[in-house]
Amino acid sequence: MRLLASGLLLILAAGAGQAGTLRIATFNTELSRDGPGLLLRDIERGGDPQIAAVVEVISAAQADVLVLQGVDWDYEGRSLAALAGLLAEAGAAYPYSVFLQPNAGLPPPALLDMDGDGRTGGPRDNQGYGRFRGQGGMALLSRLPVDRNGIRDFSALLWRDLPGALLPKHPDGRPFPSGAVHAVQRLSSTAHWLVPLQLPGGKQLNVMTFHAAPPVFDGPEDRNGRRNRDEIRLWQLLLDGRLGPAPQAPFVVAGDANLDPDRGEGRKDAIRSLLGDPRLQDPQPLSPQAGSATVEWQGAGRMRVDYVLPSARLAVTGSGVVWPDAPDAAAALASRHRLVWADIALD
């Protein structure tokens with residue numbers, strides 16, 4: 001397998017591990033498999049080229065804090081532990097992790113037609129899309145200690161309880177697909193977490209991470225587009241203090257918003273508002289190969305959907321997108337998404 005381009009490795013290594021600098025990264029690994037336990041099986045069996053490529057990309061980036069999407073959750077956390085073991089062998093050890101149960105594949109309290117297709121029991125009839133409980137979950141890996149008592153998991157928040165929720169409706173104004181669904185539908189398609197990390201010197205860094213629903217694969221009611229919009233809005237409402245105590249700076253929003261501010265479908269006002277929020281800053285990470293793009297989808301093309309947004313007063317010393325320089329480079333074999341990183345200076 002080709003290594004990442006030498007120039008890219010130099011760019012990544014320039015900031016990684018420097019005293020007084022912290023590297024934050026997000027990466028939708030797309031490691032999810034079609035059944036429970038299959039990801040763990042593939043990791044333990046060895047020889048899987050995608051898993052090897054993901055490990056190579058992550059180990060080259062050498063992030064201090066890494067949020068991952070597309071990792072299948074299991075009750076004992078064995079899939080993440082196995083992945084972390086491979087990373088440690090590759091020189092990227094993460095002694096701390098967070099791996100909470102996501103909404104992906106989580107059944108609602110009763111058998112309901114959650115997506116309005118006239119059927120029940122399908123992967124879109126769970127709280128978040130998933131063929132099984134935990135498919136395509138999230139994880140956080142960290143070299144900094146986690147304040148576990150301070151973790152705030154917003155994944156159980158009902159969509160209708162979000163201030164200003166843009167719930168889908170039938171043309172006559174009735175709830176889509178039904179009032180019974182609105183009564184139990186959670187906002188998070190995967191999860192929303194606030195994870196406090198202990199910085200050197202006793203301060204904390206709040207990492208706010210999520211994986212929003214794609215704003216497609218629905219009908220004229222725009223259920224997914226509306227949900228995507230509100231999943232992104234959650235962070236600004238949290239900073240406003242409308243979802244409990246507002247987190248104190250320093251903080252970083254990092255994850256997969258599944259929305260480009262300029263291209264593709266979706267309600268772009270949501271991501272534009274987040275990028276323009278004066279409490280945050282957009283380092284505008286780039287790659288020489290694809291500019292600001294962070295994903296390349298067949299048909300839809302290149303878009304920017306993955307973000308690392310530090311709070312406004314943090315000093316950003318560098319940022320980038322790990323884009324492959326050849327079809328057989330690790331970043332191309334790992335995922336359609338690219339690892340996005342930003343370096344921040346510590347006081």
# chains A, B, ... in the order shown; residues from 1 in each chain; ligands from 1
call {"tool": "residues_around", "arguments": {"residues": "Tyr96 of chain A", "least_positions_apart": "6", "cutoff": "8 Å", "atoms": "only C-alpha atoms", "output": "list in words"}}
result
Leu141, Ser142, Arg143, Leu144, Pro145 and Val146 of chain A
call {"tool": "residues_around", "arguments": {"residues": "Met208 of chain A", "least_positions_apart": "6", "cutoff": "8 Å", "atoms": "only C-alpha atoms", "output": "MDAnalysis selection string"}}
result
chainID A and resid 192:195 235 251:254
call {"tool": "closest_residue", "arguments": {"among": "A:Leu162, A:Val55, A:Val184, A:Val67", "to": "Trp341 of chain A", "atoms": "only C-alpha atoms"}}
result
A:Val67
call {"tool": "residues_around", "arguments": {"residues": "segment 264-280 of chain A", "least_positions_apart": "6", "cutoff": "6 Å", "atoms": "only C-alpha atoms", "output": "list in words"}}
result
Pro215, Gly225, Arg229, Pro310, Ser311 and Ala312 of chain A
call {"tool": "residues_around", "arguments": {"residues": "Ser79 of chain A", "least_positions_apart": "4", "cutoff": "10 Å", "atoms": "only C-alpha atoms", "output": "mmCIF file with N, CA and C atoms, in the first residue's frame"}}
result
data_model
loop_
_atom_site.group_PDB
_atom_site.id
_atom_site.type_symbol
_atom_site.label_atom_id
_atom_site.label_comp_id
_atom_site.auth_asym_id
_atom_site.auth_seq_id
_atom_site.Cartn_x
_atom_site.Cartn_y
_atom_site.Cartn_z
ATOM 1 N N GLY A 37 -21.034 -7.239 15.278
ATOM 2 C CA GLY A 37 -19.855 -8.060 15.514
ATOM 3 C C GLY A 37 -18.922 -8.205 14.334
ATOM 4 N N LEU A 38 -19.345 -7.805 13.149
ATOM 5 C CA LEU A 38 -18.514 -8.014 11.959
ATOM 6 C C LEU A 38 -17.300 -7.092 11.941
ATOM 7 N N LEU A 39 -17.449 -5.859 12.459
ATOM 8 C CA LEU A 39 -16.293 -4.966 12.511
ATOM 9 C C LEU A 39 -15.233 -5.539 13.454
ATOM 10 N N LEU A 40 -15.657 -6.003 14.619
ATOM 11 C CA LEU A 40 -14.707 -6.615 15.552
ATOM 12 C C LEU A 40 -14.035 -7.825 14.907
ATOM 13 N N ARG A 41 -14.828 -8.650 14.226
ATOM 14 C CA ARG A 41 -14.261 -9.811 13.542
ATOM 15 C C ARG A 41 -13.181 -9.406 12.554
ATOM 16 N N ASP A 42 -13.470 -8.379 11.745
ATOM 17 C CA ASP A 42 -12.524 -7.968 10.706
ATOM 18 C C ASP A 42 -11.259 -7.367 11.304
ATOM 19 N N ILE A 43 -11.401 -6.641 12.415
ATOM 20 C CA ILE A 43 -10.223 -6.065 13.065
ATOM 21 C C ILE A 43 -9.354 -7.172 13.633
ATOM 22 N N GLU A 44 -9.975 -8.110 14.341
ATOM 23 C CA GLU A 44 -9.207 -9.176 14.995
ATOM 24 C C GLU A 44 -8.614 -10.160 13.986
ATOM 25 N N VAL A 71 -18.140 3.990 13.272
ATOM 26 C CA VAL A 71 -17.588 2.868 14.032
ATOM 27 C C VAL A 71 -18.750 2.172 14.739
ATOM 28 N N ASP A 72 -18.955 0.904 14.467
ATOM 29 C CA ASP A 72 -20.083 0.173 15.047
ATOM 30 C C ASP A 72 -19.915 0.014 16.560
ATOM 31 N N TRP A 73 -20.947 0.465 17.279
ATOM 32 C CA TRP A 73 -20.946 0.385 18.752
ATOM 33 C C TRP A 73 -21.348 -1.012 19.199
ATOM 34 N N ASP A 74 -20.769 -1.454 20.309
ATOM 35 C CA ASP A 74 -21.215 -2.688 20.952
ATOM 36 C C ASP A 74 -21.192 -2.476 22.455
ATOM 37 N N TYR A 75 -21.943 -3.285 23.180
ATOM 38 C CA TYR A 75 -22.161 -3.066 24.603
ATOM 39 C C TYR A 75 -20.866 -3.046 25.409
ATOM 40 N N LEU A 83 -9.728 -1.538 17.729
ATOM 41 C CA LEU A 83 -9.178 -0.513 16.843
ATOM 42 C C LEU A 83 -8.088 0.288 17.548
ATOM 43 N N ALA A 84 -8.333 0.640 18.814
ATOM 44 C CA ALA A 84 -7.327 1.382 19.577
ATOM 45 C C ALA A 84 -6.055 0.565 19.745
ATOM 46 N N GLY A 85 -6.199 -0.754 19.857
ATOM 47 C CA GLY A 85 -5.025 -1.602 19.936
ATOM 48 C C GLY A 85 -4.178 -1.547 18.678
ATOM 49 N N PHE A 99 -17.284 6.011 24.209
ATOM 50 C CA PHE A 99 -17.962 5.174 23.206
ATOM 51 C C PHE A 99 -19.367 4.888 23.722
#
call {"tool": "closest_atom_pairs", "arguments": {"of": "segment 134-191 of chain A", "to": "segment 113-127 of chain A", "cutoff": "9 Å", "atoms": "only C-alpha atoms", "output": "Markdown table"}}
result
| residue | atom | partner | partner_atom | distance |
| --- | --- | --- | --- | --- |
| A:Phe176 | CA | A:Gly116 | CA | 7.1 |
| A:Pro177 | CA | A:Gly116 | CA | 4.9 |
| A:Ser178 | CA | A:Gly116 | CA | 8.1 |
| A:Val181 | CA | A:Met114 | CA | 6.0 |
| A:His182 | CA | A:Met114 | CA | 8.8 |
| A:Val184 | CA | A:Gln127 | CA | 8.6 |
| A:Gln185 | CA | A:Gln127 | CA | 6.4 |
| A:Arg186 | CA | A:Gln127 | CA | 6.2 |
| A:Leu187 | CA | A:Gln127 | CA | 8.4 |
| A:Ser188 | CA | A:Gln127 | CA | 8.0 |
| A:Ser189 | CA | A:Gln127 | CA | 6.5 |
| A:Thr190 | CA | A:Gln127 | CA | 8.4 |
call {"tool": "write_last_selection", "arguments": {"atoms": "C-alpha atoms", "output": "mmCIF file, in the first residue's frame"}}
result
data_model
loop_
_atom_site.group_PDB
_atom_site.id
_atom_site.type_symbol
_atom_site.label_atom_id
_atom_site.label_comp_id
_atom_site.auth_asym_id
_atom_site.auth_seq_id
_atom_site.Cartn_x
_atom_site.Cartn_y
_atom_site.Cartn_z
ATOM 1 C CA PHE A 176 -45.359 13.814 9.449
ATOM 2 C CA PRO A 177 -45.523 10.903 9.527
ATOM 3 C CA SER A 178 -47.710 10.982 12.662
ATOM 4 C CA VAL A 181 -43.786 9.486 15.929
ATOM 5 C CA HIS A 182 -43.216 13.106 16.976
ATOM 6 C CA VAL A 184 -40.891 9.699 20.611
ATOM 7 C CA GLN A 185 -38.567 10.842 17.793
ATOM 8 C CA ARG A 186 -35.143 11.827 19.073
ATOM 9 C CA LEU A 187 -33.288 14.672 17.371
ATOM 10 C CA SER A 188 -29.868 13.027 17.066
ATOM 11 C CA SER A 189 -29.632 10.610 14.163
ATOM 12 C CA THR A 190 -26.391 9.297 15.679
#
call {"tool": "atom_distance", "arguments": {"atom1": "atom CA of Glu30 of chain A", "atom2": "atom CA of Arg233 of chain A"}}
result
24.2 Å
call {"tool": "closest_residue", "arguments": {"among": "A:Ile58, A:Gly70, A:Met138, A:Gly20", "to": "Asp34 of chain A", "atoms": "only C-alpha atoms"}}
result
A:Gly70
call {"tool": "closest_residue", "arguments": {"among": "A:Pro36, A:Pro168, A:Pro49, A:Gly105", "to": "Leu333 of chain A", "atoms": "only C-alpha atoms"}}
result
A:Pro49
call {"tool": "closest_residue", "arguments": {"among": "A:Ala246, A:Ala93, A:Leu112, A:Leu239", "to": "Ala183 of chain A", "atoms": "only C-alpha atoms"}}
result
A:Leu112
call {"tool": "select_by_dssp", "arguments": {"residues": "segment 63-282 of chain A", "states": "strand (DSSP E or B)", "output": "ChimeraX atom specification"}}
result
/A:65-71,96-98,104,128,137-142,146,152-153,158,169,175,186,192-198,204-211,242,244,251-256,280
call {"tool": "closest_residue", "arguments": {"among": "A:Pro163, A:Pro250, A:Gly137, A:Pro108", "to": "Leu68 of chain A", "atoms": "only C-alpha atoms"}}
result
A:Gly137
call {"tool": "decode", "arguments": {"residues": "segment 73-84 of chain A", "atoms": "N, CA, C and O atoms", "output": "CSV table (one decimal), in the first residue's frame"}}
result
chain,number,residue,atom,x,y,z
A,73,TRP,N,-20.9,0.5,17.3
A,73,TRP,CA,-20.9,0.4,18.8
A,73,TRP,C,-21.3,-1.0,19.2
A,73,TRP,O,-22.2,-1.7,18.6
A,74,ASP,N,-20.8,-1.5,20.3
A,74,ASP,CA,-21.2,-2.7,21.0
A,74,ASP,C,-21.2,-2.5,22.5
A,74,ASP,O,-20.5,-1.6,23.0
A,75,TYR,N,-21.9,-3.3,23.2
A,75,TYR,CA,-22.2,-3.1,24.6
A,75,TYR,C,-20.9,-3.0,25.4
A,75,TYR,O,-20.7,-2.3,26.4
A,76,GLU,N,-19.9,-3.9,25.1
A,76,GLU,CA,-18.7,-4.0,25.8
A,76,GLU,C,-17.6,-3.1,25.3
A,76,GLU,O,-16.5,-3.1,25.8
A,77,GLY,N,-17.8,-2.4,24.2
A,77,GLY,CA,-16.8,-1.5,23.6
A,77,GLY,C,-15.6,-2.3,23.0
A,77,GLY,O,-14.5,-1.7,22.8
A,78,ARG,N,-15.9,-3.5,22.5
A,78,ARG,CA,-14.8,-4.3,22.1
A,78,ARG,C,-14.3,-3.9,20.7
A,78,ARG,O,-13.1,-4.0,20.4
A,79,SER,N,-15.2,-3.4,19.8
A,79,SER,CA,-14.7,-2.9,18.5
A,79,SER,C,-13.8,-1.7,18.6
A,79,SER,O,-12.7,-1.7,17.9
A,80,LEU,N,-14.1,-0.8,19.5
A,80,LEU,CA,-13.2,0.4,19.6
A,80,LEU,C,-11.9,0.0,20.3
A,80,LEU,O,-10.9,0.5,19.9
A,81,ALA,N,-12.0,-0.9,21.3
A,81,ALA,CA,-10.8,-1.3,22.0
A,81,ALA,C,-9.9,-2.0,21.0
A,81,ALA,O,-8.6,-1.8,21.1
A,82,ALA,N,-10.4,-2.8,20.1
A,82,ALA,CA,-9.6,-3.5,19.1
A,82,ALA,C,-9.0,-2.5,18.2
A,82,ALA,O,-7.8,-2.7,17.8
A,83,LEU,N,-9.7,-1.5,17.7
A,83,LEU,CA,-9.2,-0.5,16.8
A,83,LEU,C,-8.1,0.3,17.5
A,83,LEU,O,-7.0,0.6,17.0
A,84,ALA,N,-8.3,0.6,18.8
A,84,ALA,CA,-7.3,1.4,19.6
A,84,ALA,C,-6.1,0.6,19.7
A,84,ALA,O,-4.9,1.1,19.8
